[in-house]
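Visitor: Okay, so here is structure.txt, and as you'll see once you scroll down, it has compact mmCIF, C-alpha atoms.
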```txt
# COMPACT_ATOMS: atom_id res chain seq x y z
CA GLY A 1 16.50 7.36 11.03
CA ALA A 2 16.73 4.47 8.60
CA GLY A 3 13.58 3.50 6.79
CA VAL A 4 12.51 0.15 5.41
CA SER A 5 15.08 -1.25 3.04
CA GLN A 6 14.71 -3.98 0.46
CA SER A 7 17.19 -5.91 -1.61
CA PRO A 8 17.83 -6.39 -4.38
CA SER A 9 16.23 -3.34 -5.95
CA ASN A 10 15.98 -5.17 -9.25
CA LYS A 11 16.04 -8.86 -10.03
CA VAL A 12 15.90 -10.47 -13.44
CA THR A 13 15.58 -14.20 -13.48
CA GLU A 14 14.72 -17.00 -15.83
CA LYS A 15 11.46 -18.88 -15.65
CA GLY A 16 11.77 -21.85 -13.31
CA LYS A 17 14.47 -20.38 -11.08
CA ASP A 18 14.00 -19.63 -7.40
CA VAL A 19 14.38 -16.10 -6.04
CA GLU A 20 14.73 -14.61 -2.56
CA LEU A 21 13.67 -11.09 -1.76
CA ARG A 22 14.83 -9.47 1.44
CA CYS A 23 13.23 -6.85 3.66
CA ASP A 24 14.83 -4.99 6.56
CA PRO A 25 12.11 -3.25 8.55
CA ILE A 26 12.48 -0.18 10.69
CA SER A 27 14.20 -1.11 13.92
CA GLY A 28 11.67 -1.80 16.68
CA HIS A 29 8.76 -2.40 14.34
CA THR A 30 7.10 -5.65 15.32
CA ALA A 31 4.75 -5.92 12.35
CA LEU A 32 5.94 -6.56 8.81
CA TYR A 33 3.95 -6.85 5.59
CA TRP A 34 4.56 -8.01 2.04
CA TYR A 35 2.63 -6.72 -0.97
CA ARG A 36 2.80 -7.30 -4.70
CA GLN A 37 2.18 -4.56 -7.24
CA ARG A 38 1.75 -5.61 -10.84
CA LEU A 39 2.38 -3.02 -13.52
CA GLY A 40 -0.27 -0.31 -13.46
CA GLN A 41 -2.23 -1.97 -10.68
CA GLY A 42 -2.85 -1.49 -7.01
CA LEU A 43 -1.15 -3.28 -4.15
CA GLU A 44 -2.08 -6.87 -3.48
CA PHE A 45 -1.62 -7.99 0.12
CA LEU A 46 0.43 -11.18 0.43
CA ILE A 47 1.28 -11.85 4.08
CA TYR A 48 1.98 -10.17 7.39
CA PHE A 49 4.15 -11.02 10.37
CA GLN A 50 3.49 -10.18 13.97
CA GLY A 51 6.91 -10.79 15.49
CA ASN A 52 8.21 -13.88 13.73
CA SER A 53 4.78 -15.40 13.31
CA ALA A 54 2.61 -15.28 10.18
CA PRO A 55 -0.91 -16.21 11.32
CA ASP A 56 -2.56 -15.86 7.92
CA LYS A 57 -0.90 -17.14 4.77
CA SER A 58 -4.03 -17.13 2.65
CA GLY A 59 -2.89 -14.11 0.66
CA LEU A 60 0.07 -15.91 -0.85
CA PRO A 61 -0.77 -16.54 -4.54
CA SER A 62 0.37 -20.16 -4.63
CA ASP A 63 2.41 -22.73 -2.75
CA ARG A 64 5.45 -21.55 -4.70
CA PHE A 65 5.48 -18.50 -2.44
CA SER A 66 6.76 -18.64 1.12
CA ALA A 67 7.99 -16.12 3.64
CA GLU A 68 9.81 -16.15 6.90
CA ARG A 69 10.99 -13.69 9.48
CA THR A 70 13.71 -14.12 12.04
CA GLY A 71 14.72 -12.19 15.13
CA GLU A 72 11.66 -10.00 14.73
CA SER A 73 13.69 -8.26 12.10
CA VAL A 74 14.66 -9.34 8.60
CA SER A 75 12.11 -11.07 6.41
CA THR A 76 12.63 -13.10 3.27
CA LEU A 77 10.03 -13.73 0.59
CA THR A 78 10.91 -16.76 -1.51
CA ILE A 79 9.38 -17.61 -4.84
CA GLN A 80 10.16 -21.06 -6.15
CA ARG A 81 10.03 -22.09 -9.80
CA THR A 82 9.25 -18.55 -10.90
CA GLN A 83 6.70 -17.94 -13.63
CA GLN A 84 6.31 -14.95 -15.91
CA GLU A 85 3.15 -13.90 -14.07
CA ASP A 86 5.28 -13.42 -10.95
CA SER A 87 6.84 -10.36 -12.58
CA ALA A 88 5.91 -7.41 -10.39
CA VAL A 89 7.25 -5.03 -7.79
CA TYR A 90 7.30 -6.64 -4.36
CA LEU A 91 6.87 -4.12 -1.57
CA CYS A 92 7.60 -4.58 2.08
CA ALA A 93 6.22 -2.42 4.87
CA SER A 94 6.58 -2.32 8.62
CA SER A 95 4.66 -0.75 11.47
CA LEU A 96 5.25 -0.29 15.16
CA GLU A 97 2.62 -2.86 16.04
CA MET A 98 0.00 -4.98 14.33
CA SER A 99 -2.78 -2.46 14.70
CA SER A 100 -5.13 -0.64 12.39
CA TYR A 101 -4.00 2.58 14.03
CA ASN A 102 -0.35 2.32 13.13
CA GLU A 103 0.69 3.59 9.74
CA GLN A 104 2.75 1.31 7.57
CA PHE A 105 6.09 2.54 6.29
CA PHE A 106 6.99 1.17 2.90
CA GLY A 107 10.29 0.21 1.40
CA PRO A 108 11.32 1.09 -2.16
CA GLY A 109 10.39 -2.35 -3.45
CA THR A 110 12.11 -5.07 -5.45
CA ARG A 111 11.28 -5.12 -9.14
CA LEU A 112 11.19 -8.76 -10.24
CA THR A 113 11.28 -9.63 -13.92
CA VAL A 114 10.86 -13.23 -14.95
CA LEU A 115 11.96 -13.90 -18.51
CA ALA B 1 -15.08 -8.41 2.82
CA GLN B 2 -13.40 -5.09 2.38
CA LYS B 3 -13.16 -3.35 -0.93
CA VAL B 4 -11.80 0.03 -1.96
CA THR B 5 -12.82 1.58 -5.27
CA GLN B 6 -11.01 4.40 -7.00
CA ALA B 7 -13.05 4.92 -10.13
CA GLN B 8 -10.72 7.51 -11.63
CA THR B 9 -7.86 5.73 -13.36
CA GLU B 10 -6.09 8.85 -14.63
CA ILE B 11 -6.60 12.56 -14.13
CA SER B 12 -4.75 15.31 -15.95
CA VAL B 13 -4.87 18.91 -14.76
CA VAL B 14 -2.95 22.08 -15.38
CA GLU B 15 -0.88 23.56 -12.61
CA LYS B 16 -2.84 25.66 -10.09
CA GLU B 17 -6.08 23.82 -10.75
CA ASP B 18 -7.86 22.13 -7.87
CA VAL B 19 -8.37 18.38 -8.21
CA THR B 20 -10.39 15.84 -6.22
CA LEU B 21 -9.55 12.16 -6.10
CA ASP B 22 -12.47 9.90 -5.26
CA CYS B 23 -12.46 6.89 -2.97
CA VAL B 24 -15.37 4.67 -2.05
CA TYR B 25 -14.97 1.86 0.45
CA GLU B 26 -16.95 -1.17 1.52
CA THR B 27 -16.49 -2.84 4.86
CA ARG B 28 -18.44 -4.86 7.40
CA ASP B 29 -16.21 -3.73 10.25
CA THR B 30 -17.72 -1.21 12.63
CA THR B 31 -14.28 0.10 13.44
CA TYR B 32 -11.90 0.71 10.60
CA TYR B 33 -9.27 3.08 9.34
CA LEU B 34 -8.91 4.77 6.00
CA PHE B 35 -5.64 5.91 4.48
CA TRP B 36 -4.27 7.80 1.54
CA TYR B 37 -0.80 7.07 0.19
CA LYS B 38 1.15 8.82 -2.55
CA GLN B 39 3.42 6.88 -4.91
CA PRO B 40 5.68 9.27 -6.85
CA PRO B 41 7.62 8.11 -9.92
CA SER B 42 10.42 6.94 -7.63
CA GLY B 43 8.06 4.18 -6.49
CA GLU B 44 8.18 4.48 -2.71
CA LEU B 45 4.79 4.88 -1.07
CA VAL B 46 4.42 7.90 1.14
CA PHE B 47 1.82 8.02 3.89
CA LEU B 48 -0.46 11.06 3.66
CA ILE B 49 -3.29 10.61 6.14
CA ARG B 50 -5.09 8.15 8.41
CA ARG B 51 -8.71 8.57 9.46
CA ASN B 52 -10.69 6.37 11.84
CA SER B 53 -14.32 5.49 11.31
CA PHE B 54 -15.51 7.49 14.31
CA ASP B 55 -14.05 10.77 13.21
CA GLU B 56 -15.94 12.37 10.35
CA GLN B 57 -14.36 15.76 10.66
CA ASN B 58 -12.76 17.00 7.50
CA GLU B 59 -9.04 17.56 7.67
CA ILE B 60 -6.83 20.10 5.99
CA SER B 61 -3.08 20.00 5.73
CA GLY B 62 -1.64 22.76 3.63
CA ARG B 63 -2.93 22.30 0.09
CA TYR B 64 -4.36 18.88 0.93
CA SER B 65 -7.81 18.26 2.35
CA TRP B 66 -9.86 15.16 2.98
CA ASN B 67 -13.62 14.74 3.10
CA PHE B 68 -14.87 11.65 4.95
CA GLN B 69 -18.57 10.88 4.64
CA LYS B 70 -19.82 7.69 6.25
CA SER B 71 -23.27 8.15 4.70
CA THR B 72 -21.82 7.70 1.21
CA SER B 73 -18.85 5.53 2.27
CA SER B 74 -16.51 8.00 0.67
CA PHE B 75 -13.13 9.39 1.64
CA ASN B 76 -12.22 11.91 -1.04
CA PHE B 77 -8.93 13.76 -1.32
CA THR B 78 -8.62 17.29 -2.72
CA ILE B 79 -5.43 19.03 -3.77
CA THR B 80 -5.80 22.79 -4.00
CA ALA B 81 -3.67 24.78 -6.43
CA SER B 82 -1.97 21.67 -7.79
CA GLN B 83 1.73 21.67 -8.58
CA VAL B 84 3.84 19.57 -10.92
CA VAL B 85 5.39 17.85 -7.88
CA ASP B 86 1.94 16.48 -7.04
CA SER B 87 2.17 14.21 -10.07
CA ALA B 88 2.01 10.67 -8.73
CA VAL B 89 -0.25 7.69 -8.26
CA TYR B 90 -2.49 8.13 -5.24
CA PHE B 91 -3.85 5.12 -3.39
CA CYS B 92 -6.76 4.98 -1.01
CA ALA B 93 -6.72 2.07 1.46
CA ALA B 94 -8.88 0.62 4.21
CA TYR B 95 -7.87 -1.37 7.27
CA GLY B 96 -10.34 -3.37 9.34
CA GLY B 97 -9.52 -5.02 12.62
CA ALA B 98 -11.23 -8.26 11.66
CA THR B 99 -8.88 -8.99 8.80
CA ASN B 100 -5.67 -7.23 9.87
CA LYS B 101 -5.13 -6.35 6.24
CA LEU B 102 -4.66 -3.04 4.51
CA ILE B 103 -6.74 -3.24 1.35
CA PHE B 104 -5.74 -0.85 -1.42
CA GLY B 105 -7.70 0.62 -4.26
CA THR B 106 -6.27 0.42 -7.75
CA GLY B 107 -4.92 3.94 -7.57
CA THR B 108 -5.44 7.17 -9.49
CA LEU B 109 -2.64 8.51 -11.65
CA LEU B 110 -2.53 12.28 -11.33
CA ALA B 111 -0.60 14.21 -13.96
CA VAL B 112 -0.14 17.91 -13.31
CA GLN B 113 0.96 19.76 -16.42
CA PRO B 114 2.99 22.97 -16.13
```
Represent the structure from my file as structure tokens, please.
Guide:
Amino acid sequence: GAGVSQSPSNKVTEKGKDVELRCDPISGHTALYWYRQRLGQGLEFLIYFQGNSAPDKSGLPSDRFSAERTGESVSTLTIQRTQQEDSAVYLCASSLEMSSYNEQFFGPGTRLTVL
Amino acid sequence: AQKVTQAQTEISVVEKEDVTLDCVYETRDTTYYLFWYKQPPSGELVFLIRRNSFDEQNEISGRYSWNFQKSTSSFNFTITASQVVDSAVYFCAAYGGATNKLIFGTGTLLAVQP
């Protein structure tokens, strides 16, 4: 079956521009997660959705970052007024439910480069 | 707060050698899960194993084995008879119910030379 997909796979933008990153989770997965991976580093948790709700937004790096999810399906991570330090791979994952038991399935990521 | 430490940044071995990747975790949760993921050069993370805090039995899957020791807060991963295709970054992660977050270590880059 189809896995988690993300688009675009690569995005190059100029400092100060806004970008939108999209995640399509596995069908039927109610939980969705966003992570950031800077070059050569581990994954940094950003936000999770249970259904369309994001109960904890404390992981978002700044108020320039926002995320939404609709129809318990597609999610969009928006970065406003991008900065060079936002350059990273943004990974999306989904799981059957919001539970420590359920493994998270990851997408291929969106590589964001801010010039 | 949860924390996962992978002290080995890079490991290089020759094919057919055994290699162990270390993982030490810190958590205040009494119930938690530990994971290992593989990130090959293609970039997509691949789930390898999940272990809950109540099950300290070691697990073996083919050439892979995992040693979970609560007493030392470690969840080490051993690859037996390594192969070039094992070359990847390996991440250890911990998930506690209190935070609903999967916390990753910084990863260990494994390079298997032919």
Visitor: May I ask which of the residues A:Met98, A:Arg22, A:Trp34, A:Gly40 is the closest one to Glu10 (chain B), counting all atoms listed in the file?
Guide: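 Going through A:Met98, A:Arg22, A:Trp34, A:Gly40 one by one, the smallest distance to Glu10 (chain B) is for A:Gly40.
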Visitor: Suppose you want the space between CA of Ser61 (chain B) and CA of Ile79 (chain B); what is it in Å?
Guide: 9.8 Å
Visitor: Output, as lines of an AutoDock Vina configuration file, the centre and edge lengths in Å (one decimal) of the axis-aligned box that contains all listed atoms of region 88-95 of chain A with 3 Å of margin on each side.
Guide:
```
center_x = 6.1
center_y = -4.1
center_z = 0.5
size_x = 8.9
size_y = 12.7
size_z = 27.9
```
Visitor: Using all atoms listed in the file, which protein or nucleic acid residues come within 10 Å of Gln2 (chain B)? Drop anything in the same chain fewer than 3 positions from it, and give the result as a list in words.
Guide: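 Surrounding residues, per the criterion: Tyr25, Glu26, Thr27, Arg28, Asp29, Ala93, Ala94, Tyr95, Gly96, Thr99, Lys101, Leu102, Ile103 and Phe104 of chain B.
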Visitor: Using only C-alpha atoms, which chain A residues lie at most 10 Å away from chain B, written as a PyMOL selection string?
Guide: chain A and resi 33+35+37+40-48+56+59+89+91+93+98-109
Visitor: Residues within 6 Å of (-11.1, 6.1, -0.6), file coordinates, counting all atoms listed in the file: what are they? Give the list as an mmCIF file with C-alpha atoms, in the coordinates of the input.
Guide:
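Saved as out-v7.cif:
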```cif
data_model
loop_
_atom_site.group_PDB
_atom_site.id
_atom_site.type_symbol
_atom_site.label_atom_id
_atom_site.label_comp_id
_atom_site.auth_asym_id
_atom_site.auth_seq_id
_atom_site.Cartn_x
_atom_site.Cartn_y
_atom_site.Cartn_z
ATOM 1 C CA CYS B 23 -12.460 6.890 -2.970
ATOM 2 C CA VAL B 24 -15.370 4.670 -2.050
ATOM 3 C CA TYR B 25 -14.970 1.860 0.450
ATOM 4 C CA SER B 74 -16.510 8.000 0.670
ATOM 5 C CA PHE B 75 -13.130 9.390 1.640
ATOM 6 C CA ASN B 76 -12.220 11.910 -1.040
ATOM 7 C CA CYS B 92 -6.760 4.980 -1.010
#
```
Visitor: Using all atoms listed in the file, which of A:Asn10, A:Pro55, A:Glu72, A:Ala67 sits nearest Ser94 (chain A)?
Guide: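 Smallest distance to Ser94 (chain A) is found for A:Glu72.
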Visitor: Record the distance separating CA of Arg111 (chain A) and CA of Lys57 (chain A), expressed in Å with one decimal.
Guide: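 Distance between the two atoms: 22.1 Å.
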Visitor: Tell me which of A:Leu21, A:Val12, A:Leu60, A:Leu96 sits closest to Gln84 (chain A), counting all atoms listed in the file.
Guide: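 Smallest distance to Gln84 (chain A) is found for A:Val12.
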Visitor: Step by step: start from the point (-9.3, 17.2, -19.3) in the file's coordinates, keep every protein, DNA or RNA residue that has an atom no farther than 12 Å from it, count only C-alpha atoms, and write the set as a list in words.
Guide: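 Checked against the point, the hits come out as Glu10, Ile11, Ser12, Val13, Val14, Glu17, Val19, Leu110, Ala111, Val112 and Gln113 of chain B.
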Visitor: Rounded to one decimal in Å, what is the spacing between CA of Pro40 (chain B) and CA of Ser53 (chain B)?
Guide: 27.3 Å
Visitor: Give me, as a PyMOL selection string, all polymer residues having an atom no more than 10 Å from Thr70 (chain A), counting all atoms listed in the file and skipping those fewer than 4 positions away in the same chain.
Guide: chain A and resi 51-53+74-76
Visitor: So which one's closest to Trp66 (chain B), B:Gln83, B:Pro114, B:Leu21, B:Val4? Using all atoms listed in the file, please.
Guide: B:Leu21
